[in-house]
Amino acid sequence: MIDIVGDEHDTGPPGRRNPTSTLLKNLRHDLPASVVVFLVAVPLSLGVAHAAGAPLLAGLISAVVGGVVASLFGASVLQVSGPSAALTIVIAETISAFGWAATCAITAAAGVVQILFGVSRVARAALAISPAIVHGLLAGIGLILVLGQLHVVLGGVAGSSTIANILALPGRIVGHHDQAALVGVVTVGVLLAWTRMPRSVRRVPGPLAAVALATGLSVAAGLDLPRVDLPNGLPGLGFVPEAPSGSWAAIIAAVLSIALIASLESLLSAVSIDKLRDGPRTDLNRELIGQGLANVAAGSLGGFPVTGVVVRTMTNFEAGARTRASAILHSVWILGCCLFLAGALRLIPLAALAGLLVYVGAKLVNVTNLREVRRHGDLPVYLATLLGAVAVNLLTGVAAGIAVALALMLRRMLFSGIHVEQDGSRTRVVIEGALTFLSVPRLTTVLAEVPARSEVTLELFVDYLDHAAFDCLRGWQRAYERAGGVVIVDEIGHPWFERGKAGVPTVRRGVASRVVPRWLAPWSEWQAEHLELPSQRGGSVPLCRGASEFQRRTAPLLRSTWDGLANGQQPHTLFVTCGDARIVPNLITTSGPGDLFTVRNIGNLVPHAGAEADFSVGAAIEYAVGLLNVREVVVCGHSGCGAMKALLGDAPTGLAHLGGWLRHGEATMRRQASEGPVLLDGARPAQEGDRLALHNVVQQLENLRSYPVVEAALARGELWLTGMYFDVGKANVYLLDAAHRSFTSAASPVKS
C-alpha cells in the first residue's frame with residue numbers, strides 16, 4: 001500500500017532565519033524549475049482540453065488557477081496542479097450530457113465536495129483503495145485516450161464509444177491518410193525518440209519539442225490543418241457557470257466522479273513526491289482542501305477541472321524546485337503566454353495535440369505498476385477495473401475492481417493454509433491465518449480427509465478464531481476422540497482454541513497480541529502450558545520436541561542464512577557471559593546465526609593473562625580477536641548471579657573445581673573494597689551480589705586488556721570493549737558508561 005503520513009505540512013523556514021535571504025536562495029532554484037514546468041504544461045493543457053472536447057482556453061485557465069490556488073492553499077510543497085488526462089473521459093461525457101457551461105458548475109460543485117473531504121479528514125480512507133484499482137483505472141483512462149486520439153492522429157474523428165473506436169481502428173489504419181496524419185505521426189515519433197537523445201538535448205522538455213517540431217513542419221510546408229482556436233486576450237470575468245438540468249442522479253454521479261478521480265490523482269501525486277524529497281510529509285487533508293478551492297475557482301472562471309498532476313510534479317522536482325513558488329511562477333508564465341503569445345499558440349495543429357495525448361495515454365498504462373500488481377497477486381483486480389472502465393465507464397470499472405478485490409479477499413480467507421501433512425505414522429492438520437465462519441466449509445472438507453483412529457496433531461497458527469470455527473474444531477475433536485482417535489492441540493501464538501475450551505474465549509486481537517511468541521518464550525514453558533506431558537507423547541522429552549519444532553518451522557526460514565555461513569564464520573562480537581540458563585545472548589542482543597562468538601562460564605570471568613592460566617578462555621579470546629578479527633568484545637553480567645553470591649561467602653561445599661575457578665574472581669572482591677560504588681541507572685542495587693556483579697564486569701574488561709592480542713587491536717583502533725548488565729527480573733539491558741562509573745539503560749546506549 002501507499003505510505004501515508006498525515007497532519008504534517010510545510011510550515012516554512014524557522015523564524016530566526018532572514019526571510020529575504022531564504023527567499024532569494026530558493027528563488028535561484030525555483031525560477032528555472034518554473035520555466036521547465038511551464039514549457040511542459042502549455043502543450044499538455046491544450047491537449048487535455050482538446051481530448052475532452054472542452055474550449056482549449058479552458059485548459060490554460062485550469063493551469064493558471066491550479067498553479068496559484070492549489071499551491072497557496074494546498075499542503076504539498078512541490079505539487080503542480082492543472083488539467084489532467086485522467087479526467088478527460090469523464091469530462092467529455094459530462095460535456096456531452098450537460099454542455100460546457102453546466103460542466104463548469106459541476107466542476108465547482110466537485111471542488112466543494114473535495115473541500116468537505118478535507119474538512120472531514122477522510123484522505124487516508126480514500127487511499128485505502130487497493131493500488132491495483134487505482135493503477136487499473138489509470139490504465140483504463142490511458143487506453144481510452146489512445147484508442148480515441150489514434151483516430152484523430154490518423155486523420156479521422158474519434159467515435160462515440162471506446163468499443164466503436166476499437167472496431168473502427170483497423171479500417172482507419174489501412175485507410176487514406178491526409179496531412180493531419182503526417183503531423184500526428186511526427187509528434188508521436190519525436191516523443192518516442194526524445195528519451196534516447198543526449199542529455200544536453202533532453203533539457204528541452206519532450207512535449208514542447210514534439211509540438212514545436214510538428215508545428216514548424218506544418219507551417220513550413222503550408223499545410224492547411226485545423227489549429228488551436230484561442231480568443232484574442234482572456235475572456236471577460238463575466239463568465240457565469242450554468243446550473244445543469246436533467247437527471248439529479250446523473251448530475252450527482254458526475255460531481256462525485258470528478259471529485260473522486262481528482263482527489264485520488266492529487267493524493268497519489270503528493271505521496272509520490274513525498275517519497276523523493278526530504279522534510280515533513282504532506283498533510284493530505286489540507287491538500288484536498290487546496291485542490292477543492294482550485295476547482296471551485298476553475299469552474300467559476302470557465303476552466304477545466306484541476307488535479308495534482310504526476311508528470312508536472314515530477315518535472316518540477318527533477319528541475320530542482322525547492323518551494324511552492326515554482327508552481328506559482330509557472331502559472332505566471334502561462335498567463336503571460338496567453339496575453340502576449342496567443343498568436344504562436346494558434347499555429348499549433350490539433351493533430352499534434354492528439355499525438356501528444358496518444359503518448360500521454362500510453363504512459364498511463366504503466367508496465368512497472370502492472371508487474372508490481374501481478375507480484376502481489378492482484379492482477380484480476382487490475383484487469384477487472386481496466387476492462388470495466390474501457391467497456392462501460394470509469395465508475396463501473398472502479399466498482400468491478402472493488403468487487404473482485406473483495407472476492408479475492410474472501411477466497412484467501414476460505415482457502416488460507418488449511419491442509420493435512422503426513423508426519424510418519426502420525427497426521428498433522430495445519431491451520432494458518434484468520435479462521436472465521438467463511439472458512440468452515442473448507443475446514444470441514446479438510447478434516448474429513450484425516451485417517452480414522454490415528455494420532456493427529458492439530459497445529460493452529462491462527463491470527464483469529466471466531467465462534468463458528470471454534471465450534472467446528474471442538475465438535476470434530478470430540479467426535480474423532482469418541483471414535484478412538486487421539487487429537488493433540490498444538491497452538492503457536494495466542495491460545496485461541498484452548499482458552500475457548502476453558503470458557504474464556506478471546507474476542508479481541510489486542511488481547512491475543514500480548515502472548516509471547518513461541519520462538520521467544522522458553523520451550524519448557526510452552527510444554528507445561530500448552531502441550532500434553534511427555535509421557536502422553538510416547539516418552540518424548542522437551543528438547544527433542546524443540547528440535548523437531550525447529551526442523552519443521554524455523555529451519556526452512558533460516559536455511560539460506562546458514563547456507564551463507566557454511567564455509568566459515570565472520571562474527572562481529574566476542575560475547576563473554578555467565579553460564580546461567582536465564583541469559584540468552586542472541587535474544588537480549590537481537591542477533592542471530594553468525595553474529596556472536598560466545599564464551600560462557602561461571603560468573604563471566606576473564607582470567608588475567610599473567611595469572612594462573614586458563615587456556616579455555618584465553619584461547620577463545622586469541623581466536624576471536626586475533627583470527628576472526630571481531631570488532632567488539634562484550635562482557636555481560638547479570639542480576640542474581642550465583643557466582644557472585646559464592647564469592648561473598650555463600651559457596652556450596654565439596655565442589656573443588658568450582659572453588660578453584662572462583663579464585664579468578666578475587667580481583668573483583670578487591671576492586672569492590674577499594675573502589676567507590678558502580679551505579680545502575682544512577683543508584684546502587686539493593687542486593688549485595690548485584691553490586692558485586694557490576695564491579696565484576698568492570699574488572700573483567702580490565703583483565704581483557706592484559707592479553708597482548710587485545711591490547712594491540714585496541715591500539716590500532718580496530719576493537720572496542722563494552723560492559724553489559726542484564727537485570728533478569730525486569731528484563732532490562734544496561735551498558736557501561738566508564739566515564740561516569742555507571743550502567744545506563746540500553747535505550748540510550750553509551751559505549752565505553
# chains A, B, ... in the order shown; residues from 1 in each chain; ligands from 1
$ residues_around --residues "segment 174-180 of chain A" --least-positions-apart "5" --cutoff "8 Å" --atoms "only C-alpha atoms" --output "VMD selection string"
chain A and resid 152 to 155 223 to 225 351
$ write_last_selection --atoms "N, CA, C and O atoms" --output "mmCIF file, in the first residue's frame"
data_model
loop_
_atom_site.group_PDB
_atom_site.id
_atom_site.type_symbol
_atom_site.label_atom_id
_atom_site.label_comp_id
_atom_site.auth_asym_id
_atom_site.auth_seq_id
_atom_site.Cartn_x
_atom_site.Cartn_y
_atom_site.Cartn_z
ATOM 1 N N VAL A 152 -7.826 10.523 -34.471
ATOM 2 C CA VAL A 152 -7.516 11.909 -34.828
ATOM 3 C C VAL A 152 -6.131 11.987 -35.451
ATOM 4 O O VAL A 152 -5.906 12.695 -36.437
ATOM 5 N N VAL A 153 -5.163 11.263 -34.872
ATOM 6 C CA VAL A 153 -3.805 11.259 -35.415
ATOM 7 C C VAL A 153 -3.797 10.747 -36.856
ATOM 8 O O VAL A 153 -3.060 11.260 -37.710
ATOM 9 N N LEU A 154 -4.617 9.751 -37.125
ATOM 10 C CA LEU A 154 -4.648 9.156 -38.468
ATOM 11 C C LEU A 154 -5.572 9.901 -39.417
ATOM 12 O O LEU A 154 -5.901 9.401 -40.504
ATOM 13 N N GLY A 155 -6.019 11.088 -39.006
ATOM 14 C CA GLY A 155 -6.785 11.943 -39.913
ATOM 15 C C GLY A 155 -8.275 11.772 -39.850
ATOM 16 O O GLY A 155 -9.000 12.290 -40.717
ATOM 17 N N LEU A 223 0.772 23.488 -44.721
ATOM 18 C CA LEU A 223 -0.338 22.550 -44.592
ATOM 19 C C LEU A 223 -1.583 23.255 -44.076
ATOM 20 O O LEU A 223 -1.514 24.073 -43.155
ATOM 21 N N ASP A 224 -2.703 22.928 -44.696
ATOM 22 C CA ASP A 224 -3.984 23.507 -44.287
ATOM 23 C C ASP A 224 -4.654 22.551 -43.302
ATOM 24 O O ASP A 224 -5.288 21.569 -43.695
ATOM 25 N N LEU A 225 -4.488 22.852 -41.995
ATOM 26 C CA LEU A 225 -4.953 21.950 -40.949
ATOM 27 C C LEU A 225 -5.759 22.714 -39.908
ATOM 28 O O LEU A 225 -5.533 23.918 -39.704
ATOM 29 N N ALA A 351 -3.864 18.078 -34.669
ATOM 30 C CA ALA A 351 -3.325 16.728 -34.823
ATOM 31 C C ALA A 351 -2.076 16.530 -33.965
ATOM 32 O O ALA A 351 -1.811 15.423 -33.480
#
$ atom_distance --atom1 "atom CA of Gly156 of chain A" --atom2 "atom CA of Leu56 of chain A"
19.4 Å
$ closest_residue --among "A:Ser439, A:Thr107, A:Asn316, A:Thr385" --to "Gln291 of chain A" --atoms "only C-alpha atoms"
A:Thr107
$ residues_around --residues "segment 480-492 of chain A" --least-positions-apart "6" --cutoff "6 Å" --atoms "only C-alpha atoms" --output "PyMOL selection string"
chain A and resi 453-461
$ select_by_dssp --residues "segment 271-319 of chain A" --states "helix (DSSP H, G or I)" --output "VMD selection string"
chain A and resid 271 to 274 284 to 300 310 to 318
$ residues_around --residues "segment 418-421 of chain A" --least-positions-apart "4" --cutoff "6 Å" --atoms "only C-alpha atoms" --output "list of chain:residue names"
A:Arg428, A:Val429, A:Val430, A:Ile431
$ closest_residue --among "A:Ala209, A:Arg412, A:Ile261, A:Pro571" --to "Leu192 of chain A" --atoms "only C-alpha atoms"
A:Ala209
$ residues_around --residues "segment 654-659 of chain A" --least-positions-apart "4" --cutoff "10 Å" --atoms "only C-alpha atoms" --output "ChimeraX atom specification"
/A:602,643,646-647,663-664
$ select_by_dssp --residues "segment 226-453 of chain A" --states "strand (DSSP E)" --output "list in words"
Thr307, Gly308, Ile418, His419, Val420, Glu421, Gln422, Asp423, Arg426, Thr427, Arg428, Val429, Val430, Ile431, Glu432, Gly433, Ala434 and Leu435 of chain A
$ residues_around --residues "Ala405 of chain A" --least-positions-apart "4" --cutoff "10 Å" --atoms "only C-alpha atoms" --output "JSON, numbers by chain"
{"A": [129, 130, 132, 133, 378, 379, 380, 381, 382, 384, 399, 400, 401, 409, 410, 411]}
$ write_last_selection --atoms "C-alpha atoms" --output "PDB file, in the first residue's frame"
ATOM      1  CA  ILE A 129      -8.461   1.737  -2.077  1.00  0.00           C
ATOM      2  CA  SER A 130      -6.303  -1.037  -3.461  1.00  0.00           C
ATOM      3  CA  ALA A 132      -4.472  -2.354  -8.190  1.00  0.00           C
ATOM      4  CA  ILE A 133      -7.771  -0.472  -8.615  1.00  0.00           C
ATOM      5  CA  ASP A 378      -3.890  -8.589  -7.575  1.00  0.00           C
ATOM      6  CA  LEU A 379      -3.810  -8.885 -11.372  1.00  0.00           C
ATOM      7  CA  PRO A 380      -7.531  -9.892 -11.536  1.00  0.00           C
ATOM      8  CA  VAL A 381      -8.428  -6.662  -9.680  1.00  0.00           C
ATOM      9  CA  TYR A 382      -6.357  -4.601 -12.116  1.00  0.00           C
ATOM     10  CA  ALA A 384     -11.452  -6.017 -13.880  1.00  0.00           C
ATOM     11  CA  ALA A 399     -16.974  -0.922  -8.819  1.00  0.00           C
ATOM     12  CA  ALA A 400     -15.794  -4.005 -10.719  1.00  0.00           C
ATOM     13  CA  GLY A 401     -12.324  -3.689  -9.199  1.00  0.00           C
ATOM     14  CA  MET A 409     -10.103 -11.456  -0.019  1.00  0.00           C
ATOM     15  CA  LEU A 410     -12.898 -13.906   0.746  1.00  0.00           C
ATOM     16  CA  ARG A 411     -11.193 -16.627  -1.265  1.00  0.00           C
TER      17      ARG A 411
END
$ residues_around --residues "Asp681 of chain A" --least-positions-apart "5" --cutoff "10 Å" --atoms "only C-alpha atoms" --output "PDB file with C-alpha atoms, in the first residue's frame"
ATOM      1  CA  TYR A 734      22.247  -1.813  30.697  1.00  0.00           C
ATOM      2  CA  LEU A 735      25.509  -0.621  29.118  1.00  0.00           C
ATOM      3  CA  SER A 742      27.575   3.833  35.860  1.00  0.00           C
ATOM      4  CA  PHE A 743      25.475   1.437  33.847  1.00  0.00           C
ATOM      5  CA  THR A 744      22.714   3.157  31.863  1.00  0.00           C
ATOM      6  CA  SER A 745      19.709   1.752  30.053  1.00  0.00           C
TER       7      SER A 745
END
